[in-house]
Amino acid sequence: MQPKFLEVFLESTEKFGTLYGPVVRNDILTYDKAQNAAELVPNLCEKTMIPAKKLFHPMRFDMFKFDENGFVPDYSMIERRVVVGLHPCEIHGLLTLDRVLGSAPPDPYYMEQRKNSVIVGWSCAVCNNALCKSTNTDMIQEGFDLFFVDVGEFYLVWIGSSIGYDMIHEKEEFFDDKVTHEDLDAYTEWRKKRNASFLKSFNFDNMPDIMDMTFASEVWSYFADKCISCGQCSMVCPTCNCYNVTDQFDVTNALKGKRERMWDSCMFADYSLVAGGHNFRGARADRLKLWYTHKLKAYGGEFGKPGCVGCGRCVEYCPVDINVLTISEALTTGEVPKQ
Ligand code: SF4
Ligand code: SF4
């Protein structure tokens, strides 16, 4: 497809759902409902601070209303959506969340929004902190309805589902199904350039074993002294999915109210605080170990794939340089980063 057709094509997908994607709000690029396709087009290759998980696993929402007779689930946030601009790491992130939140018992809110969403993936401009080549998540073969590769002069479009075919049928005059040798050469060149543009890399293959062998390492106390327990790493990570719930009671009737759900982080000091005042992970080092054990070992053991999709956000946003790269390097070498 030629880039000049993109805006009209995206407008034509309206019948499949409300258009969502990376838009600028208050000078920040974020996933949100788009006012129109033109708002999305300039941002499709760029990375947002908060990943696309926010569209499926919202930061805060009402789960249900309750009274003395029982409860009524609130699914008002679920809508049919066309979510555009998801990069390979974002789609891998959603596939990871599917394994976690889709496991029995499935999370009905997340799963309903997933079922009601069409995914239009997009190739990215490799960012400085990208680790997706190292985590084998720089390309994607599943988890999308359409996937656009921005080769430059044209978009190479992969179709991943029957809905993807239906979307293309809406504007089939924009698409050419005859792929030439020149097109393939352009794609091969694009991949070569892209592969050469990664600035950071690490071999994560041994990390499950290294996590086992370094449980008592001094490295943990070094990072624990620096960590400020802000939880930023969890908020920006596409595979973090912990949440808390609180009940809001009606001031006129103590049996009536609603339950709210909001993102939480195992990096917060009170995350493992239980009745009676005992805290299973009161020490920052224990919380860091939990977070990184999940990413680098436990997810892989349970689901066959690591919990890190290499998006680089923890590298970018932790205020004290604690991230999947600094932790993995320090645990592997036994040396902490130089100041
Ligand atoms: S590791 Fe960094 S981002 Fe995460 S809680 Fe600690 S200081 Fe905050
Ligand atoms: S651990 Fe860091 S690099 Fe890996 S997916 Fe989470 S935020 Fe991205």
# chains A, B, ... in the order shown; residues from 1 in each chain; ligands from 1
>>> closest_atom_pairs(of="chain A", to="ligand 1", cutoff="7 Å", atoms="only C-alpha atoms and all ligand atoms", output="JSON lines")
{"residue": "A:Lys226", "atom": "CA", "partner": "ligand 1", "partner_atom_place_in_ligand_line": "7 (S)", "distance": 6.9}
{"residue": "A:Cys227", "atom": "CA", "partner": "ligand 1", "partner_atom_place_in_ligand_line": "6 (Fe)", "distance": 3.9}
{"residue": "A:Ile228", "atom": "CA", "partner": "ligand 1", "partner_atom_place_in_ligand_line": "7 (S)", "distance": 4.4}
{"residue": "A:Ser229", "atom": "CA", "partner": "ligand 1", "partner_atom_place_in_ligand_line": "5 (S)", "distance": 3.8}
{"residue": "A:Cys230", "atom": "CA", "partner": "ligand 1", "partner_atom_place_in_ligand_line": "8 (Fe)", "distance": 4.0}
{"residue": "A:Gly231", "atom": "CA", "partner": "ligand 1", "partner_atom_place_in_ligand_line": "5 (S)", "distance": 4.0}
{"residue": "A:Gln232", "atom": "CA", "partner": "ligand 1", "partner_atom_place_in_ligand_line": "3 (S)", "distance": 4.2}
{"residue": "A:Cys233", "atom": "CA", "partner": "ligand 1", "partner_atom_place_in_ligand_line": "3 (S)", "distance": 4.1}
{"residue": "A:Ser234", "atom": "CA", "partner": "ligand 1", "partner_atom_place_in_ligand_line": "4 (Fe)", "distance": 6.7}
{"residue": "A:Met267", "atom": "CA", "partner": "ligand 1", "partner_atom_place_in_ligand_line": "5 (S)", "distance": 5.2}
{"residue": "A:Leu288", "atom": "CA", "partner": "ligand 1", "partner_atom_place_in_ligand_line": "1 (S)", "distance": 7.0}
{"residue": "A:Cys314", "atom": "CA", "partner": "ligand 1", "partner_atom_place_in_ligand_line": "3 (S)", "distance": 6.8}
{"residue": "A:Tyr317", "atom": "CA", "partner": "ligand 1", "partner_atom_place_in_ligand_line": "3 (S)", "distance": 6.6}
{"residue": "A:Cys318", "atom": "CA", "partner": "ligand 1", "partner_atom_place_in_ligand_line": "3 (S)", "distance": 3.8}
{"residue": "A:Pro319", "atom": "CA", "partner": "ligand 1", "partner_atom_place_in_ligand_line": "2 (Fe)", "distance": 5.7}
{"residue": "A:Val320", "atom": "CA", "partner": "ligand 1", "partner_atom_place_in_ligand_line": "7 (S)", "distance": 5.6}
{"residue": "A:Asp321", "atom": "CA", "partner": "ligand 1", "partner_atom_place_in_ligand_line": "2 (Fe)", "distance": 6.5}
{"residue": "A:Ile322", "atom": "CA", "partner": "ligand 1", "partner_atom_place_in_ligand_line": "1 (S)", "distance": 4.9}
{"residue": "A:Asn323", "atom": "CA", "partner": "ligand 1", "partner_atom_place_in_ligand_line": "1 (S)", "distance": 6.5}
>>> write_last_selection(atoms="C-alpha atoms", output="mmCIF file, in the first residue's frame")
data_model
loop_
_atom_site.group_PDB
_atom_site.id
_atom_site.type_symbol
_atom_site.label_atom_id
_atom_site.label_comp_id
_atom_site.auth_asym_id
_atom_site.auth_seq_id
_atom_site.Cartn_x
_atom_site.Cartn_y
_atom_site.Cartn_z
ATOM 1 C CA LYS A 226 19.303 2.712 45.101
ATOM 2 C CA CYS A 227 15.654 1.750 44.483
ATOM 3 C CA ILE A 228 13.109 4.331 45.668
ATOM 4 C CA SER A 229 10.120 1.935 45.387
ATOM 5 C CA CYS A 230 8.343 4.298 42.997
ATOM 6 C CA GLY A 231 6.773 1.466 40.978
ATOM 7 C CA GLN A 232 7.489 3.222 37.672
ATOM 8 C CA CYS A 233 9.059 0.031 36.259
ATOM 9 C CA SER A 234 5.759 -1.835 36.734
ATOM 10 C CA MET A 267 7.765 -2.799 44.078
ATOM 11 C CA LEU A 288 13.440 -6.459 43.362
ATOM 12 C CA CYS A 314 12.475 0.095 32.280
ATOM 13 C CA TYR A 317 12.195 5.344 32.863
ATOM 14 C CA CYS A 318 13.707 3.975 36.100
ATOM 15 C CA PRO A 319 15.074 7.130 37.757
ATOM 16 C CA VAL A 320 18.069 5.268 39.251
ATOM 17 C CA ASP A 321 19.079 2.986 36.366
ATOM 18 C CA ILE A 322 17.714 -0.263 37.688
ATOM 19 C CA ASN A 323 16.468 -2.231 34.715
#
>>> residues_near_ligand(ligand="ligand 2", cutoff="8 Å", atoms="only C-alpha atoms and all ligand atoms", output="MDAnalysis selection string")
chainID A and resid 89 93 130:132 233:234 236:240 292 295 307:315 323:325
>>> select_by_dssp(residues="region 87-266 of chain A", states="strand (DSSP E or B)", output="PyMOL selection string")
chain A and resi 117-122+146-150+155-159+243-250+253-263
>>> residues_around(residues="Leu97 (chain A)", least_positions_apart="6", cutoff="12 Å", atoms="only C-alpha atoms", output="list in words")
Ala52, Lys53, Lys54, Phe56, His57, Glu90, Ile91, Ser103, Pro106, Asp107, Tyr110, Met111, Arg114, Gly143, Cys237, Pro238, Thr239, Cys240, Asn241, Cys242, Tyr299, Phe303, Lys305, Pro306, Gly307, Cys308 and Val309 of chain A
>>> residues_around(residues="Asp145 (chain A)", least_positions_apart="6", cutoff="10 Å", atoms="only C-alpha atoms", output="compact mmCIF listing (two decimals) with all heavy atoms, in the first residue's frame")
# COMPACT_ATOMS: atom_id res chain seq x y z
N VAL A 82 -10.67 -0.73 17.12
CA VAL A 82 -9.58 -1.03 16.19
C VAL A 82 -8.35 -0.35 16.79
O VAL A 82 -8.31 0.88 16.89
CB VAL A 82 -9.87 -0.47 14.78
CG1 VAL A 82 -8.68 -0.72 13.86
CG2 VAL A 82 -11.13 -1.11 14.20
N SER A 117 -11.47 -6.46 20.23
CA SER A 117 -10.47 -5.55 19.65
C SER A 117 -9.83 -6.16 18.41
O SER A 117 -9.44 -7.32 18.40
CB SER A 117 -9.37 -5.24 20.67
OG SER A 117 -9.92 -4.65 21.82
N VAL A 118 -9.71 -5.31 17.40
CA VAL A 118 -8.96 -5.67 16.19
C VAL A 118 -7.58 -5.05 16.34
O VAL A 118 -7.46 -3.89 16.74
CB VAL A 118 -9.68 -5.09 14.94
CG1 VAL A 118 -8.86 -5.33 13.70
CG2 VAL A 118 -11.08 -5.67 14.81
N ILE A 119 -6.55 -5.82 16.04
CA ILE A 119 -5.18 -5.32 16.23
C ILE A 119 -4.53 -5.04 14.87
O ILE A 119 -4.42 -5.94 14.03
CB ILE A 119 -4.31 -6.35 16.99
CG1 ILE A 119 -4.93 -6.68 18.36
CG2 ILE A 119 -2.87 -5.86 17.14
CD1 ILE A 119 -4.96 -5.56 19.36
N VAL A 120 -4.14 -3.79 14.69
CA VAL A 120 -3.39 -3.41 13.48
C VAL A 120 -1.97 -3.05 13.94
O VAL A 120 -1.73 -1.98 14.50
CB VAL A 120 -4.05 -2.23 12.75
CG1 VAL A 120 -3.24 -1.85 11.51
CG2 VAL A 120 -5.49 -2.57 12.37
N GLY A 121 -1.05 -4.00 13.75
CA GLY A 121 0.32 -3.79 14.20
C GLY A 121 1.10 -2.90 13.25
O GLY A 121 0.69 -2.68 12.10
N TRP A 158 0.93 -7.52 6.21
CA TRP A 158 0.69 -8.93 6.53
C TRP A 158 -0.73 -9.08 7.05
O TRP A 158 -1.18 -8.27 7.86
CB TRP A 158 1.67 -9.43 7.60
CG TRP A 158 3.10 -9.19 7.25
CD1 TRP A 158 3.85 -8.11 7.61
CD2 TRP A 158 3.96 -10.03 6.45
NE1 TRP A 158 5.12 -8.23 7.09
CE2 TRP A 158 5.22 -9.39 6.38
CE3 TRP A 158 3.80 -11.26 5.81
CZ2 TRP A 158 6.30 -9.93 5.69
CZ3 TRP A 158 4.87 -11.79 5.12
CH2 TRP A 158 6.10 -11.14 5.06
N ILE A 159 -1.40 -10.13 6.59
CA ILE A 159 -2.77 -10.37 7.04
C ILE A 159 -2.74 -11.51 8.04
O ILE A 159 -2.20 -12.58 7.75
CB ILE A 159 -3.69 -10.72 5.86
CG1 ILE A 159 -3.66 -9.59 4.83
CG2 ILE A 159 -5.12 -10.99 6.33
CD1 ILE A 159 -4.35 -9.92 3.53
N GLY A 160 -3.30 -11.29 9.24
CA GLY A 160 -3.20 -12.30 10.29
C GLY A 160 -4.51 -12.95 10.66
O GLY A 160 -4.53 -13.84 11.52
N SER A 161 -5.63 -12.53 10.05
CA SER A 161 -6.93 -13.12 10.43
C SER A 161 -7.95 -12.84 9.34
O SER A 161 -7.72 -12.02 8.43
CB SER A 161 -7.43 -12.51 11.74
OG SER A 161 -7.85 -11.18 11.49
N SER A 162 -9.12 -13.49 9.46
CA SER A 162 -10.18 -13.24 8.48
C SER A 162 -10.70 -11.80 8.61
O SER A 162 -11.11 -11.19 7.62
CB SER A 162 -11.32 -14.24 8.66
OG SER A 162 -11.77 -14.20 9.98
N ILE A 163 -10.65 -11.25 9.82
CA ILE A 163 -11.07 -9.84 9.98
C ILE A 163 -10.11 -8.94 9.20
O ILE A 163 -10.51 -7.97 8.57
CB ILE A 163 -11.12 -9.43 11.47
CG1 ILE A 163 -12.22 -10.21 12.18
CG2 ILE A 163 -11.36 -7.93 11.63
CD1 ILE A 163 -12.39 -9.91 13.64
N GLY A 164 -8.82 -9.30 9.24
CA GLY A 164 -7.83 -8.55 8.47
C GLY A 164 -8.18 -8.54 7.00
O GLY A 164 -8.12 -7.50 6.33
N TYR A 165 -8.59 -9.71 6.46
CA TYR A 165 -9.02 -9.78 5.05
C TYR A 165 -10.22 -8.86 4.83
O TYR A 165 -10.29 -8.12 3.84
CB TYR A 165 -9.43 -11.21 4.68
CG TYR A 165 -8.28 -12.04 4.18
CD1 TYR A 165 -7.75 -13.06 4.97
CD2 TYR A 165 -7.71 -11.81 2.92
CE1 TYR A 165 -6.67 -13.83 4.53
CE2 TYR A 165 -6.65 -12.58 2.48
CZ TYR A 165 -6.13 -13.59 3.28
OH TYR A 165 -5.08 -14.33 2.84
N ASP A 166 -11.19 -8.92 5.75
CA ASP A 166 -12.39 -8.09 5.60
C ASP A 166 -12.04 -6.61 5.58
O ASP A 166 -12.63 -5.83 4.81
CB ASP A 166 -13.37 -8.36 6.75
CG ASP A 166 -13.94 -9.76 6.71
OD1 ASP A 166 -13.79 -10.42 5.65
OD2 ASP A 166 -14.48 -10.23 7.73
N MET A 167 -11.08 -6.22 6.41
CA MET A 167 -10.69 -4.80 6.46
C MET A 167 -10.08 -4.37 5.13
O MET A 167 -10.37 -3.29 4.61
CB MET A 167 -9.68 -4.56 7.59
CG MET A 167 -10.29 -4.71 8.96
SD MET A 167 -9.03 -4.74 10.23
CE MET A 167 -8.98 -3.03 10.68
>>> select_by_dssp(residues="region 99-321 of chain A", states="helix (DSSP H, G or I)", output="MDAnalysis selection string")
chainID A and resid 99:101 108:115 162:170 172:174 181:196 207:213 218:226 232:236 284:303 313:317
>>> write_last_selection(atoms="C-alpha atoms", output="short mmCIF file (atom, residue, chain, number, x, y, z; two decimals), in the first residue's frame")
data_model
loop_
_atom_site.label_atom_id
_atom_site.label_comp_id
_atom_site.auth_asym_id
_atom_site.auth_seq_id
_atom_site.Cartn_x
_atom_site.Cartn_y
_atom_site.Cartn_z
CA ARG A 99 -1.34 -16.32 28.97
CA VAL A 100 -1.52 -14.81 32.47
CA LEU A 101 -4.94 -13.15 32.53
CA PRO A 108 -13.49 -11.42 32.21
CA TYR A 109 -12.79 -7.69 31.80
CA TYR A 110 -9.46 -8.17 30.04
CA MET A 111 -10.64 -11.11 27.93
CA GLU A 112 -13.83 -9.32 26.77
CA GLN A 113 -11.86 -6.26 25.66
CA ARG A 114 -9.36 -8.51 23.87
CA LYS A 115 -12.19 -10.34 22.06
CA SER A 162 -10.18 -13.24 8.48
CA ILE A 163 -11.07 -9.84 9.98
CA GLY A 164 -7.83 -8.55 8.47
CA TYR A 165 -9.02 -9.78 5.05
CA ASP A 166 -12.39 -8.09 5.60
CA MET A 167 -10.69 -4.80 6.46
CA ILE A 168 -8.64 -4.91 3.30
CA HIS A 169 -11.77 -5.66 1.25
CA GLU A 170 -13.18 -2.31 2.39
CA GLU A 172 -9.00 -3.28 -1.82
CA GLU A 173 -8.10 -0.75 -4.53
CA PHE A 174 -5.35 0.49 -2.15
CA HIS A 181 11.26 -9.21 -6.44
CA GLU A 182 11.92 -5.48 -6.03
CA ASP A 183 9.43 -5.39 -3.14
CA LEU A 184 11.18 -8.32 -1.47
CA ASP A 185 14.58 -6.69 -2.01
CA ALA A 186 13.28 -3.49 -0.38
CA TYR A 187 11.98 -5.54 2.57
CA THR A 188 15.31 -7.42 2.92
CA GLU A 189 17.20 -4.12 2.84
CA TRP A 190 14.83 -2.68 5.46
CA ARG A 191 15.46 -5.67 7.74
CA LYS A 192 19.24 -5.41 7.30
CA LYS A 193 19.22 -1.72 8.21
CA ARG A 194 16.91 -2.36 11.13
CA ASN A 195 19.00 -5.22 12.49
CA ALA A 196 22.08 -3.01 12.34
CA MET A 207 19.24 -15.83 33.04
CA PRO A 208 16.86 -18.49 34.48
CA ASP A 209 19.87 -20.43 35.83
CA ILE A 210 21.69 -17.28 36.88
CA MET A 211 18.62 -16.13 38.83
CA ASP A 212 18.74 -19.42 40.74
CA MET A 213 22.44 -19.14 41.51
CA GLU A 218 25.41 -8.78 47.08
CA VAL A 219 24.21 -7.36 43.79
CA TRP A 220 20.66 -7.30 45.15
CA SER A 221 21.57 -5.16 48.16
CA TYR A 222 23.48 -2.74 45.88
CA PHE A 223 20.35 -2.18 43.75
CA ALA A 224 18.04 -2.22 46.78
CA ASP A 225 19.98 0.71 48.27
CA LYS A 226 19.30 2.71 45.10
CA GLN A 232 7.49 3.22 37.67
CA CYS A 233 9.06 0.03 36.26
CA SER A 234 5.76 -1.84 36.73
CA MET A 235 3.63 0.93 35.25
CA VAL A 236 5.66 1.10 32.03
CA ARG A 284 13.45 -3.65 48.92
CA ALA A 285 15.92 -6.35 47.85
CA ASP A 286 13.18 -8.97 48.20
CA ARG A 287 10.81 -6.94 46.06
CA LEU A 288 13.44 -6.46 43.36
CA LYS A 289 14.17 -10.19 43.37
CA LEU A 290 10.47 -10.94 42.94
CA TRP A 291 10.09 -8.54 40.00
CA TYR A 292 13.15 -9.81 38.15
CA THR A 293 12.51 -13.47 38.96
CA HIS A 294 9.11 -13.10 37.29
CA LYS A 295 10.56 -11.43 34.20
CA LEU A 296 13.67 -13.57 33.71
CA LYS A 297 12.74 -16.97 35.11
CA ALA A 298 9.23 -17.71 36.38
CA TYR A 299 7.18 -16.67 33.31
CA GLY A 300 9.47 -18.78 31.12
CA GLY A 301 9.04 -21.81 33.38
CA GLU A 302 5.26 -21.48 33.37
CA PHE A 303 4.49 -20.25 29.87
CA ARG A 313 10.95 1.11 28.92
CA CYS A 314 12.47 0.09 32.28
CA VAL A 315 15.84 1.18 30.84
CA GLU A 316 14.35 4.52 29.87
CA TYR A 317 12.20 5.34 32.86
#
>>> atom_distance(atom1="CA of Pro105 (chain A)", atom2="CA of Thr137 (chain A)")
27.3 Å
>>> residues_around(residues="Leu331 (chain A)", least_positions_apart="2", cutoff="8 Å", atoms="only C-alpha atoms", output="JSON, numbers by chain")
{"A": [210, 211, 214, 217, 219, 327, 328, 329, 333, 334, 335]}
>>> closest_residue(among="A:Lys65, A:Arg281, A:Lys171, A:Lys256", to="Glu7 (chain A)", atoms="only C-alpha atoms")
A:Lys171
>>> closest_residue(among="A:Asp177, A:Asp270, A:Glu79, A:Asp150", to="Leu6 (chain A)", atoms="only C-alpha atoms")
A:Asp150
>>> residues_around(residues="Val149 (chain A)", least_positions_apart="3", cutoff="9 Å", atoms="only C-alpha atoms", output="list in words")
Gly121, Trp122, Ser123, Cys124, Gly152, Phe154, Tyr155, Leu156, Val157, Trp158 and Tyr187 of chain A
>>> write_last_selection(atoms="N, CA and C atoms", output="CSV table (one decimal), in the first residue's frame")
chain,number,residue,atom,x,y,z
A,121,GLY,N,-1.0,-4.0,13.7
A,121,GLY,CA,0.3,-3.8,14.2
A,121,GLY,C,1.1,-2.9,13.3
A,122,TRP,N,2.2,-2.4,13.7
A,122,TRP,CA,3.0,-1.5,13.0
A,122,TRP,C,4.5,-1.7,13.2
A,123,SER,N,5.3,-1.6,12.2
A,123,SER,CA,6.8,-1.7,12.4
A,123,SER,C,7.3,-0.4,13.2
A,124,CYS,N,8.3,-0.6,13.9
A,124,CYS,CA,8.7,0.6,14.8
A,124,CYS,C,10.0,1.2,14.2
A,152,GLY,N,9.3,2.3,3.7
A,152,GLY,CA,9.7,3.6,3.2
A,152,GLY,C,8.8,4.1,2.1
A,154,PHE,N,6.7,2.2,0.5
A,154,PHE,CA,5.4,1.6,0.5
A,154,PHE,C,5.3,0.8,1.8
A,155,TYR,N,4.1,0.4,2.1
A,155,TYR,CA,3.9,-0.5,3.3
A,155,TYR,C,3.7,-1.9,2.8
A,156,LEU,N,4.4,-2.8,3.4
A,156,LEU,CA,4.2,-4.3,3.2
A,156,LEU,C,3.2,-4.7,4.3
A,157,VAL,N,2.0,-5.3,3.8
A,157,VAL,CA,1.0,-5.5,4.8
A,157,VAL,C,0.8,-7.0,5.0
A,158,TRP,N,0.9,-7.5,6.2
A,158,TRP,CA,0.7,-8.9,6.5
A,158,TRP,C,-0.7,-9.1,7.0
A,187,TYR,N,12.3,-5.0,1.2
A,187,TYR,CA,12.0,-5.5,2.6
A,187,TYR,C,13.3,-6.1,3.2
>>> atom_distance(atom1="CA of Ala34 (chain A)", atom2="CA of Phe61 (chain A)")
20.3 Å
